[in-house]
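Down below is the structure, laid out as structure tokens.
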Amino acid sequence: MLVESILQKTLELRSHRVKRVYEEGEGLVAEIVPRKKGRGCCGCCGRRGEWIHETRPARRWQHIPLWGKPVFLEYCPRRVVCGNCGVRTEAVPWGLPKGKMSKGLVGFLASWAKVLSLAETAHRFGVSWNTVQRAVRVAVEYGLEQRPKAPVRVLGVDEVSRRKRHVYLTVVYDLESGVVVWVGEGREESTLKRFFEEWGPERTSGIETACCDMWEPYVQVLKEKAPQAGVVFDRFHVVKHLNEAVDQVRREEYRSLPAEERKEMKRSRFLLLKNPWNLKPKEKSRLGQLLKKNRKVVKAYYLKEAFQVYWEYKQAGRAARYLNQWFWWATHSRIEPLRDFAWMLRRHWDGIMAWTRTRTSNSALEGMNNKIKSLSHRAFGYRKAQTFIDIIYHCCGGLPEFIAPSM
């Protein structure tokens with residue numbers, strides 16, 4: 001099959017044809033000409049109109065490489081009379097309105113950018129980094145426009161670190177489908193408010209449950225913009241605060257011990273923080289020896305394990321009674337980090353008790369956060385926040401694949 005025929009079929013040309021293909025340098029140039037019959041499409045609105053006997057200078061669009069050689073599509077755009085827009089340059093079926101890439105190249109590079117970094121994709125296919133970044137941007141814009149505008153019932157909100165010195169992105173998830181629905185720069189109240197403004201009250205009114213950590217700006221916005229939704233504090237973050245309190249007790253006690261007694265507590269951090277069923281036999285034996293000592297860290301460990309029982313309760317009344325009992329134990333333990341944690345529970349009581357009613361957790365969200373972090377790691381970070389946001393949408397947003405419409 002001739003190269004002309006291959007391009008004719010893959011480009012799905014109807015009102016145009018590939019006249020010839022010739023070599024230029026190390027690449028191939030396909031010269032495209034219009035067929036005599038047919039009417040042109042307006043480059044602004046797509047409406048068909050009559051031709052004007054006037055053409056524009058020849059333009060070139062970069063296409064998908066063929067046999068390792070770069071391919072360019074060359075065409076002289078014509079002018080059409082549009083009933084809506086007036087005299088405009090015609091729209092070509094293979095190219096973007098403003099750009100030097102063909103639609104086929106956009107879809108090709110965007111699909112590879114899901115599994116490779118932008119720099120690696122650019123290197124493998126002989127294009128610039130900006131070309132790949134632009135392809136991802138076009139694919140994301142298309143996907144956001146084409147994705148179903150269904151309301152979200154169970155919302156998850158969390159932040160992801162973008163770079164050092166506390167620079168964050170706010171990520172909003174649909175916890176039922178496990179996809180990213182919105183990403184914004186920063187983690188202030190104004191950031192999450194932008195999500196509600198962009199989505200509008202019609203789509204956000206369907207939110208029944210919102211799961212987040214105990215970051216106060218998120219909580220205030222959720223209560224203001226989605227008052228019908230029950231706010232649930234994520235189990236993962238609650239346990240994380242508890243583990244930090246236990247570890248603080250261990251560090252303080254380790255520093256207070258004489259040098260000869262510190263040996264027993266060395267490398268004991270994860271012995272105290274792991275779930276008992278995840279301990280190896282040697283770790284269980286060492287933990288048993290450590291718990292025989294009458295120290296504060298032992299009391300803190302037993303309080304940590306006693307708190308885990310709360311997550312098993314399914315009846316709100318019994319869960320509240322147990323949590324009140326645990327609160328009394330912690331506040332009378334004479335262990336300051338655990339007292340602070342107990343009072344933090346009291347300040348966020350409603351959000352923590354909501355667990356027994358909804359059983360909603362950000363566990364799927366934390367897994368998606370790890371995927372987002374891996375996207376940053378494989379590229380060694382992103383200089384601009386918008387580039388990182390596009391990559392998150394592209395790889396984690398469940399967006400429709402970019403499809404080049406034919407004309």
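Quick note on naming: the chains in the structure tokens go A, B, ... in the order shown, residues restart at 1 in each chain, and ligands are numbered from 1 in order of appearance.
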Might you pull out every residue within 10 Å of stretch 368-373 of chain A, with only C-alpha atoms counted and same-chain residues fewer than 5 positions away left off, and present them as a PyMOL selection string?
chain A and resi 158-162+171+173+178-180+362-363+378+381+388-389+391-393+395-396
Just N, CA and C atoms for this one: save the residues we selected as a PDB file, in the first residue's frame.
```pdb
ATOM      1  N   ASP A 158      -9.082  16.277  50.076  1.00  0.00           N
ATOM      2  CA  ASP A 158      -7.761  16.139  50.707  1.00  0.00           C
ATOM      3  C   ASP A 158      -6.785  17.045  49.980  1.00  0.00           C
ATOM      4  N   GLU A 159      -5.620  17.249  50.588  1.00  0.00           N
ATOM      5  CA  GLU A 159      -4.590  18.055  49.950  1.00  0.00           C
ATOM      6  C   GLU A 159      -3.423  17.169  49.545  1.00  0.00           C
ATOM      7  N   VAL A 160      -2.704  17.595  48.502  1.00  0.00           N
ATOM      8  CA  VAL A 160      -1.522  16.896  48.013  1.00  0.00           C
ATOM      9  C   VAL A 160      -0.389  17.905  47.917  1.00  0.00           C
ATOM     10  N   SER A 161       0.760  17.535  48.443  1.00  0.00           N
ATOM     11  CA  SER A 161       1.910  18.437  48.386  1.00  0.00           C
ATOM     12  C   SER A 161       2.446  18.518  46.962  1.00  0.00           C
ATOM     13  N   ARG A 162       2.658  19.741  46.476  1.00  0.00           N
ATOM     14  CA  ARG A 162       3.170  19.953  45.124  1.00  0.00           C
ATOM     15  C   ARG A 162       4.672  20.203  45.111  1.00  0.00           C
ATOM     16  N   VAL A 171      -7.509  18.449  46.245  1.00  0.00           N
ATOM     17  CA  VAL A 171      -8.047  17.448  45.329  1.00  0.00           C
ATOM     18  C   VAL A 171      -9.398  16.970  45.851  1.00  0.00           C
ATOM     19  N   TYR A 173     -12.497  14.257  45.284  1.00  0.00           N
ATOM     20  CA  TYR A 173     -12.717  12.933  44.718  1.00  0.00           C
ATOM     21  C   TYR A 173     -14.189  12.556  44.801  1.00  0.00           C
ATOM     22  N   GLY A 178     -14.259   6.511  42.609  1.00  0.00           N
ATOM     23  CA  GLY A 178     -12.809   6.489  42.805  1.00  0.00           C
ATOM     24  C   GLY A 178     -12.041   7.312  41.798  1.00  0.00           C
ATOM     25  N   VAL A 179     -12.590   8.433  41.348  1.00  0.00           N
ATOM     26  CA  VAL A 179     -11.897   9.278  40.374  1.00  0.00           C
ATOM     27  C   VAL A 179     -11.816  10.698  40.913  1.00  0.00           C
ATOM     28  N   VAL A 180     -10.865  11.449  40.362  1.00  0.00           N
ATOM     29  CA  VAL A 180     -10.713  12.862  40.706  1.00  0.00           C
ATOM     30  C   VAL A 180     -11.750  13.670  39.929  1.00  0.00           C
ATOM     31  N   ASN A 362     -11.708   7.627  53.685  1.00  0.00           N
ATOM     32  CA  ASN A 362     -10.897   8.135  52.582  1.00  0.00           C
ATOM     33  C   ASN A 362      -9.816   7.148  52.164  1.00  0.00           C
ATOM     34  N   SER A 363     -10.032   5.863  52.409  1.00  0.00           N
ATOM     35  CA  SER A 363      -8.997   4.878  52.079  1.00  0.00           C
ATOM     36  C   SER A 363      -8.718   4.849  50.579  1.00  0.00           C
ATOM     37  N   ARG A 378       7.830  10.606  39.075  1.00  0.00           N
ATOM     38  CA  ARG A 378       8.385  10.132  37.808  1.00  0.00           C
ATOM     39  C   ARG A 378       8.845  11.291  36.930  1.00  0.00           C
ATOM     40  N   GLY A 381       8.918  16.288  39.731  1.00  0.00           N
ATOM     41  CA  GLY A 381       8.196  17.503  40.052  1.00  0.00           C
ATOM     42  C   GLY A 381       7.829  18.313  38.821  1.00  0.00           C
ATOM     43  N   PHE A 388       0.872  20.215  36.548  1.00  0.00           N
ATOM     44  CA  PHE A 388       0.601  19.110  37.468  1.00  0.00           C
ATOM     45  C   PHE A 388      -0.896  18.827  37.532  1.00  0.00           C
ATOM     46  N   ILE A 389      -1.715  19.870  37.547  1.00  0.00           N
ATOM     47  CA  ILE A 389      -3.168  19.688  37.585  1.00  0.00           C
ATOM     48  C   ILE A 389      -3.650  18.947  36.337  1.00  0.00           C
ATOM     49  N   ILE A 391      -1.945  16.836  34.521  1.00  0.00           N
ATOM     50  CA  ILE A 391      -1.519  15.438  34.618  1.00  0.00           C
ATOM     51  C   ILE A 391      -2.436  14.663  35.563  1.00  0.00           C
ATOM     52  N   ILE A 392      -2.841  15.276  36.662  1.00  0.00           N
ATOM     53  CA  ILE A 392      -3.741  14.607  37.608  1.00  0.00           C
ATOM     54  C   ILE A 392      -5.081  14.304  36.940  1.00  0.00           C
ATOM     55  N   TYR A 393      -5.646  15.299  36.269  1.00  0.00           N
ATOM     56  CA  TYR A 393      -6.903  15.056  35.546  1.00  0.00           C
ATOM     57  C   TYR A 393      -6.724  13.947  34.509  1.00  0.00           C
ATOM     58  N   CYS A 395      -4.562  11.425  34.244  1.00  0.00           N
ATOM     59  CA  CYS A 395      -4.268  10.064  34.697  1.00  0.00           C
ATOM     60  C   CYS A 395      -5.238   9.551  35.762  1.00  0.00           C
ATOM     61  N   CYS A 396      -5.893  10.440  36.495  1.00  0.00           N
ATOM     62  CA  CYS A 396      -6.734  10.014  37.612  1.00  0.00           C
ATOM     63  C   CYS A 396      -8.175  10.497  37.512  1.00  0.00           C
TER      64      CYS A 396
END
```
Compile the contact shell of stretch 230-242 of chain A as a PDB file with N, CA and C atoms, in the first residue's frame: residues with an atom at most 7 Å away, counting only C-alpha atoms, same-chain residues fewer than 3 positions apart removed.
```
ATOM      1  N   GLU A 208     -24.359  13.910  49.634  1.00  0.00           N
ATOM      2  CA  GLU A 208     -24.955  13.381  50.853  1.00  0.00           C
ATOM      3  C   GLU A 208     -23.937  13.258  51.983  1.00  0.00           C
ATOM      4  N   THR A 209     -22.690  12.913  51.615  1.00  0.00           N
ATOM      5  CA  THR A 209     -21.631  12.727  52.610  1.00  0.00           C
ATOM      6  C   THR A 209     -20.354  13.353  52.095  1.00  0.00           C
ATOM      7  N   ALA A 210     -19.664  14.080  52.963  1.00  0.00           N
ATOM      8  CA  ALA A 210     -18.368  14.674  52.620  1.00  0.00           C
ATOM      9  C   ALA A 210     -17.345  14.194  53.637  1.00  0.00           C
ATOM     10  N   CYS A 211     -16.289  13.559  53.138  1.00  0.00           N
ATOM     11  CA  CYS A 211     -15.253  12.988  53.998  1.00  0.00           C
ATOM     12  C   CYS A 211     -13.977  13.790  53.829  1.00  0.00           C
ATOM     13  N   CYS A 212     -13.385  14.213  54.943  1.00  0.00           N
ATOM     14  CA  CYS A 212     -12.150  15.000  54.876  1.00  0.00           C
ATOM     15  C   CYS A 212     -11.374  14.798  56.172  1.00  0.00           C
ATOM     16  N   ASP A 213     -10.179  15.381  56.233  1.00  0.00           N
ATOM     17  CA  ASP A 213      -9.456  15.391  57.494  1.00  0.00           C
ATOM     18  C   ASP A 213      -9.982  16.548  58.345  1.00  0.00           C
ATOM     19  N   MET A 214      -9.340  16.835  59.457  1.00  0.00           N
ATOM     20  CA  MET A 214      -9.849  17.846  60.372  1.00  0.00           C
ATOM     21  C   MET A 214      -9.274  19.229  60.084  1.00  0.00           C
ATOM     22  N   ALA A 245       0.651  10.831  68.620  1.00  0.00           N
ATOM     23  CA  ALA A 245       0.669  11.039  70.068  1.00  0.00           C
ATOM     24  C   ALA A 245       1.439   9.923  70.773  1.00  0.00           C
ATOM     25  N   VAL A 246       1.209   8.678  70.369  1.00  0.00           N
ATOM     26  CA  VAL A 246       1.927   7.546  70.963  1.00  0.00           C
ATOM     27  C   VAL A 246       3.424   7.663  70.686  1.00  0.00           C
ATOM     28  N   LYS A 304      -4.004   3.126  72.738  1.00  0.00           N
ATOM     29  CA  LYS A 304      -4.106   3.126  71.260  1.00  0.00           C
ATOM     30  C   LYS A 304      -4.893   1.921  70.777  1.00  0.00           C
ATOM     31  N   PHE A 341      -4.838  14.644  72.385  1.00  0.00           N
ATOM     32  CA  PHE A 341      -5.585  13.929  71.339  1.00  0.00           C
ATOM     33  C   PHE A 341      -7.037  13.731  71.750  1.00  0.00           C
ATOM     34  N   GLY A 351     -18.194  14.993  63.724  1.00  0.00           N
ATOM     35  CA  GLY A 351     -17.590  14.423  62.522  1.00  0.00           C
ATOM     36  C   GLY A 351     -17.034  13.033  62.741  1.00  0.00           C
ATOM     37  N   ILE A 352     -16.547  12.755  63.953  1.00  0.00           N
ATOM     38  CA  ILE A 352     -16.013  11.416  64.240  1.00  0.00           C
ATOM     39  C   ILE A 352     -17.148  10.429  64.499  1.00  0.00           C
ATOM     40  N   ALA A 354     -19.984  10.494  63.134  1.00  0.00           N
ATOM     41  CA  ALA A 354     -20.677  10.226  61.864  1.00  0.00           C
ATOM     42  C   ALA A 354     -20.182   8.940  61.214  1.00  0.00           C
ATOM     43  N   TRP A 355     -19.016   8.436  61.631  1.00  0.00           N
ATOM     44  CA  TRP A 355     -18.487   7.188  61.067  1.00  0.00           C
ATOM     45  C   TRP A 355     -19.459   6.032  61.274  1.00  0.00           C
ATOM     46  N   SER A 361     -14.927   6.220  54.425  1.00  0.00           N
ATOM     47  CA  SER A 361     -13.509   6.416  54.699  1.00  0.00           C
ATOM     48  C   SER A 361     -12.812   6.945  53.458  1.00  0.00           C
ATOM     49  N   ASN A 362     -11.708   7.627  53.685  1.00  0.00           N
ATOM     50  CA  ASN A 362     -10.897   8.135  52.582  1.00  0.00           C
ATOM     51  C   ASN A 362      -9.816   7.148  52.164  1.00  0.00           C
TER      52      ASN A 362
END
```
Can you pull out the residues contacting stretch 251-257 of chain A? Cut-off 9 Å, using only C-alpha atoms, and skip same-chain residues under 4 positions away; I want them as a list in words.
Val246, Asp247, Glu261, Arg262, Met265, Lys266, Arg269, Arg295, Lys296 and Val297 of chain A
Would you mind reading off the distance between atom CA of A:Phe402 and atom CA of A:Val80, one decimal, in Å?
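Between atom CA of A:Phe402 and atom CA of A:Val80 the gap works out to 27.4 Å.
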Surrounding residues of A:Ala110 excluding itself and chain neighbours under 2 positions, 7 Å, only C-alpha atoms, as a list in words:
Val106, Gly107, Phe108, Trp112, Ala113, Lys114, Ala135, Val136 and Ala139 of chain A
How would the residues just picked look written out with C-alpha atoms as a PDB file, in the first residue's frame?
```pdb
ATOM      1  CA  VAL A 106      -2.577  14.895  20.148  1.00  0.00           C
ATOM      2  CA  GLY A 107      -4.316  11.602  20.919  1.00  0.00           C
ATOM      3  CA  PHE A 108      -1.118   9.610  20.334  1.00  0.00           C
ATOM      4  CA  TRP A 112       1.607   7.727  26.025  1.00  0.00           C
ATOM      5  CA  ALA A 113       1.761  10.527  28.623  1.00  0.00           C
ATOM      6  CA  LYS A 114      -0.435   8.369  30.868  1.00  0.00           C
ATOM      7  CA  ALA A 135      -1.247  17.571  23.756  1.00  0.00           C
ATOM      8  CA  VAL A 136      -2.123  16.633  27.342  1.00  0.00           C
ATOM      9  CA  ALA A 139      -6.913  16.066  25.791  1.00  0.00           C
TER      10      ALA A 139
END
```
Measuring between only C-alpha atoms, which one of A:Gln220, A:Asn278, A:Val154, A:Leu303 shows the shortest distance to A:Thr360?
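Going through A:Gln220, A:Asn278, A:Val154, A:Leu303 one by one, the smallest distance to A:Thr360 is for A:Val154.
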So, counting only C-alpha atoms, which residue among A:Ala259, A:Trp329, A:Ala385, A:Ala319 is closest to A:Tyr168?
A:Ala385
A:Glu264 surroundings by only C-alpha atoms, 10 Å radius, close-in-sequence under 6 positions cut, as a PyMOL selection string:
chain A and resi 254+286+289-290+293
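For the residues A:Gly398, A:Pro258, A:Gly25, A:Gly104, ranking by smallest atom-to-atom distance to A:Val138 using only C-alpha atoms places A:Gly104 first.
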Secondary structure check, alpha helix (DSSP H) residues of stretch 58-278 of chain A, as a PyMOL selection string
chain A and resi 103-112+118-124+129-146+189-204+216-225+235-256+269-273
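Residues in contact with stretch 200-204 of chain A at 12 Å, where only C-alpha atoms are counted and same-chain residues fewer than 4 positions away are skipped, are listed as A:Pro148, A:Lys149, A:Ala150, A:Pro151, A:Val152, A:Arg153, A:Val154, A:Leu155, A:Asp174, A:Val181, A:Lys193, A:Arg194, A:Phe195, A:Phe196, A:Glu208, A:Thr209, A:Ala210, A:Leu222, A:Glu224, A:Lys225, A:Ala226, A:Pro227, A:Gln228, A:Ala229.
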Would you please extract all strand (DSSP E) residues from stretch 82-232 of chain A, as assigned by DSSP on the backbone, and give them as a PyMOL selection string?
chain A and resi 82+86-89+154-163+167-174+179-185+209-212+230-232
Suppose we keep N, CA and C atoms; can you now write the selection as a short mmCIF file (atom, residue, chain, number, x, y, z; two decimals), in the first residue's frame?
```
data_model
loop_
_atom_site.label_atom_id
_atom_site.label_comp_id
_atom_site.auth_asym_id
_atom_site.auth_seq_id
_atom_site.Cartn_x
_atom_site.Cartn_y
_atom_site.Cartn_z
N CYS A 82 -19.30 32.29 6.06
CA CYS A 82 -20.14 31.68 7.10
C CYS A 82 -21.31 32.62 7.40
N GLY A 86 -19.19 35.38 9.12
CA GLY A 86 -18.65 36.14 8.00
C GLY A 86 -17.60 35.34 7.26
N VAL A 87 -16.59 36.01 6.70
CA VAL A 87 -15.53 35.34 5.97
C VAL A 87 -14.49 34.82 6.96
N ARG A 88 -14.27 33.52 6.93
CA ARG A 88 -13.34 32.90 7.86
C ARG A 88 -12.51 31.85 7.13
N THR A 89 -11.38 31.49 7.75
CA THR A 89 -10.57 30.40 7.23
C THR A 89 -11.25 29.08 7.52
N VAL A 154 -21.02 10.98 47.32
CA VAL A 154 -20.04 10.85 48.41
C VAL A 154 -18.76 11.55 47.97
N LEU A 155 -18.44 12.63 48.65
CA LEU A 155 -17.33 13.50 48.27
C LEU A 155 -16.16 13.26 49.22
N GLY A 156 -14.94 13.25 48.68
CA GLY A 156 -13.73 13.19 49.48
C GLY A 156 -12.85 14.39 49.16
N VAL A 157 -12.33 15.03 50.19
CA VAL A 157 -11.49 16.22 50.02
C VAL A 157 -10.18 16.00 50.76
N ASP A 158 -9.08 16.28 50.08
CA ASP A 158 -7.76 16.14 50.71
C ASP A 158 -6.78 17.05 49.98
N GLU A 159 -5.62 17.25 50.59
CA GLU A 159 -4.59 18.06 49.95
C GLU A 159 -3.42 17.17 49.54
N VAL A 160 -2.70 17.59 48.50
CA VAL A 160 -1.52 16.90 48.01
C VAL A 160 -0.39 17.90 47.92
N SER A 161 0.76 17.54 48.44
CA SER A 161 1.91 18.44 48.39
C SER A 161 2.45 18.52 46.96
N ARG A 162 2.66 19.74 46.48
CA ARG A 162 3.17 19.95 45.12
C ARG A 162 4.67 20.20 45.11
N ARG A 163 5.17 20.83 46.13
CA ARG A 163 6.60 21.10 46.24
C ARG A 163 6.91 21.40 47.70
N VAL A 167 3.53 23.85 49.92
CA VAL A 167 2.80 24.27 48.71
C VAL A 167 1.90 23.10 48.31
N TYR A 168 0.59 23.32 48.32
CA TYR A 168 -0.36 22.23 48.19
C TYR A 168 -1.33 22.44 47.03
N LEU A 169 -1.93 21.32 46.63
CA LEU A 169 -3.10 21.33 45.76
C LEU A 169 -4.27 20.71 46.52
N THR A 170 -5.45 21.23 46.34
CA THR A 170 -6.66 20.62 46.90
C THR A 170 -7.28 19.70 45.86
N VAL A 171 -7.51 18.45 46.25
CA VAL A 171 -8.05 17.45 45.33
C VAL A 171 -9.40 16.97 45.85
N VAL A 172 -10.39 17.01 44.98
CA VAL A 172 -11.75 16.57 45.33
C VAL A 172 -12.04 15.28 44.57
N TYR A 173 -12.50 14.26 45.28
CA TYR A 173 -12.72 12.93 44.72
C TYR A 173 -14.19 12.56 44.80
N ASP A 174 -14.58 11.71 43.87
CA ASP A 174 -15.85 10.99 43.97
C ASP A 174 -15.52 9.63 44.58
N VAL A 179 -12.59 8.43 41.35
CA VAL A 179 -11.90 9.28 40.37
C VAL A 179 -11.82 10.70 40.91
N VAL A 180 -10.87 11.45 40.36
CA VAL A 180 -10.71 12.86 40.71
C VAL A 180 -11.75 13.67 39.93
N VAL A 181 -12.48 14.53 40.62
CA VAL A 181 -13.49 15.35 39.94
C VAL A 181 -13.06 16.81 39.83
N TRP A 182 -12.12 17.24 40.70
CA TRP A 182 -11.70 18.64 40.64
C TRP A 182 -10.35 18.78 41.35
N VAL A 183 -9.51 19.68 40.81
CA VAL A 183 -8.21 19.98 41.42
C VAL A 183 -8.03 21.49 41.40
N GLY A 184 -7.54 22.04 42.51
CA GLY A 184 -7.30 23.48 42.60
C GLY A 184 -6.01 23.77 43.33
N GLU A 185 -5.43 24.91 43.05
CA GLU A 185 -4.15 25.29 43.66
C GLU A 185 -4.39 25.91 45.03
N THR A 209 -22.69 12.91 51.61
CA THR A 209 -21.63 12.73 52.61
C THR A 209 -20.35 13.35 52.10
N ALA A 210 -19.66 14.08 52.96
CA ALA A 210 -18.37 14.67 52.62
C ALA A 210 -17.35 14.19 53.64
N CYS A 211 -16.29 13.56 53.14
CA CYS A 211 -15.25 12.99 54.00
C CYS A 211 -13.98 13.79 53.83
N CYS A 212 -13.38 14.21 54.94
CA CYS A 212 -12.15 15.00 54.88
C CYS A 212 -11.37 14.80 56.17
N GLY A 230 -23.55 15.34 55.41
CA GLY A 230 -22.92 15.03 56.69
C GLY A 230 -21.41 14.99 56.54
N VAL A 231 -20.70 15.74 57.37
CA VAL A 231 -19.23 15.79 57.31
C VAL A 231 -18.67 14.68 58.18
N VAL A 232 -17.86 13.82 57.58
CA VAL A 232 -17.24 12.69 58.28
C VAL A 232 -15.74 12.90 58.28
#
```
